[in-house]
Amino acid sequence: MINFIHKGDEEEKKINEFYKEVLLDILQTFNLRLESFSKYSYEQLLYKSEKQKEYKVLSDIVTDIIENDLNSNIKPPYKNVIDPVNFIKGNQGYILFKRSDGTNIVLHVAKEIDKWVVVEKKDKQGKKMKNELIWYM
């Protein structure tokens, strides 16, 4: 058996640290404890929606956030926003993201009769991130 540990390059490390910092700021801002929830990146949610149709609406909600809320704030060559991060546990979930001006946003979602719906949307000012990530990453 081959033992392989993926360390990632410098850009990958920078992205991972950026995500951690953003998520920590959002979690602290709203005093959320989501340790018991499963965490999904946007790409993981898209894959899940291909395999389980009940997640299609949820992935559509996140796609809409990216296309209409976040992409308009990206000014190449760098950006200070990340794709929304999703936390799911049973029929409950949270979508967390941060706008370029530092506004933290949490959407509380719930599955009602095989369809995910936004139950509540909250926003509070958080830490404005520096434009550190390459715009297409």
# chains A, B, ... in the order shown; residues from 1 in each chain; ligands from 1

$ select_by_dssp --residues "stretch 13-76 of chain A" --states "strand (DSSP E or B)" --output "MDAnalysis selection string"
chainID A and resid 38:40 75

$ residues_around --residues "A:Leu32" --least-positions-apart "6" --cutoff "10 Å" --atoms "only C-alpha atoms" --output "list in words"
Leu24, Ile26, Tyr94 and Val106 of chain A

$ closest_atom_pairs --of "stretch 98-117 of chain A" --to "stretch 46-57 of chain A" --cutoff "10 Å" --atoms "only C-alpha atoms" --output "Markdown table"
| residue | atom | partner | partner_atom | distance |
| --- | --- | --- | --- | --- |
| A:Lys111 | CA | A:Glu54 | CA | 8.6 |
| A:Ile113 | CA | A:Glu54 | CA | 9.5 |
| A:Asp114 | CA | A:Glu54 | CA | 5.7 |
| A:Lys115 | CA | A:Glu54 | CA | 6.1 |
| A:Trp116 | CA | A:Val57 | CA | 6.0 |
| A:Val117 | CA | A:Val57 | CA | 8.0 |

$ residues_around --residues "A:Glu132" --least-positions-apart "6" --cutoff "8 Å" --atoms "only C-alpha atoms" --output "list in words"
Tyr78, Lys79 and Asn80 of chain A

$ write_last_selection --atoms "all heavy atoms" --output "PDB file, in the first residue's frame"
ATOM      1  N   TYR A  78      -7.833  39.883  -8.469  1.00  0.00           N
ATOM      2  CA  TYR A  78      -8.014  39.243  -7.168  1.00  0.00           C
ATOM      3  C   TYR A  78      -9.450  39.419  -6.668  1.00  0.00           C
ATOM      4  O   TYR A  78     -10.167  40.312  -7.115  1.00  0.00           O
ATOM      5  CB  TYR A  78      -7.042  39.812  -6.128  1.00  0.00           C
ATOM      6  CG  TYR A  78      -5.610  39.519  -6.471  1.00  0.00           C
ATOM      7  CD1 TYR A  78      -4.803  40.499  -7.047  1.00  0.00           C
ATOM      8  CD2 TYR A  78      -5.061  38.264  -6.239  1.00  0.00           C
ATOM      9  CE1 TYR A  78      -3.488  40.224  -7.387  1.00  0.00           C
ATOM     10  CE2 TYR A  78      -3.749  37.996  -6.571  1.00  0.00           C
ATOM     11  CZ  TYR A  78      -2.966  38.973  -7.143  1.00  0.00           C
ATOM     12  OH  TYR A  78      -1.667  38.698  -7.488  1.00  0.00           O
ATOM     13  N   LYS A  79      -9.842  38.564  -5.733  1.00  0.00           N
ATOM     14  CA  LYS A  79     -11.165  38.655  -5.132  1.00  0.00           C
ATOM     15  C   LYS A  79     -11.051  38.450  -3.625  1.00  0.00           C
ATOM     16  O   LYS A  79     -10.037  37.955  -3.129  1.00  0.00           O
ATOM     17  CB  LYS A  79     -12.110  37.610  -5.731  1.00  0.00           C
ATOM     18  CG  LYS A  79     -11.725  36.163  -5.385  1.00  0.00           C
ATOM     19  CD  LYS A  79     -12.715  35.182  -5.973  1.00  0.00           C
ATOM     20  CE  LYS A  79     -12.345  33.751  -5.573  1.00  0.00           C
ATOM     21  NZ  LYS A  79     -13.296  32.773  -6.040  1.00  0.00           N
ATOM     22  N   ASN A  80     -12.126  38.796  -2.919  1.00  0.00           N
ATOM     23  CA  ASN A  80     -12.153  38.595  -1.468  1.00  0.00           C
ATOM     24  C   ASN A  80     -13.433  37.865  -1.051  1.00  0.00           C
ATOM     25  O   ASN A  80     -13.888  38.010   0.075  1.00  0.00           O
ATOM     26  CB  ASN A  80     -12.017  39.920  -0.726  1.00  0.00           C
ATOM     27  CG  ASN A  80     -13.230  40.812  -0.882  1.00  0.00           C
ATOM     28  OD1 ASN A  80     -14.052  40.628  -1.764  1.00  0.00           O
ATOM     29  ND2 ASN A  80     -13.344  41.808  -0.018  1.00  0.00           N
TER      30      ASN A  80
END

$ closest_residue --among "A:Asp69, A:Glu11, A:Glu43, A:Glu21" --to "A:Lys130" --atoms "only C-alpha atoms"
A:Glu21
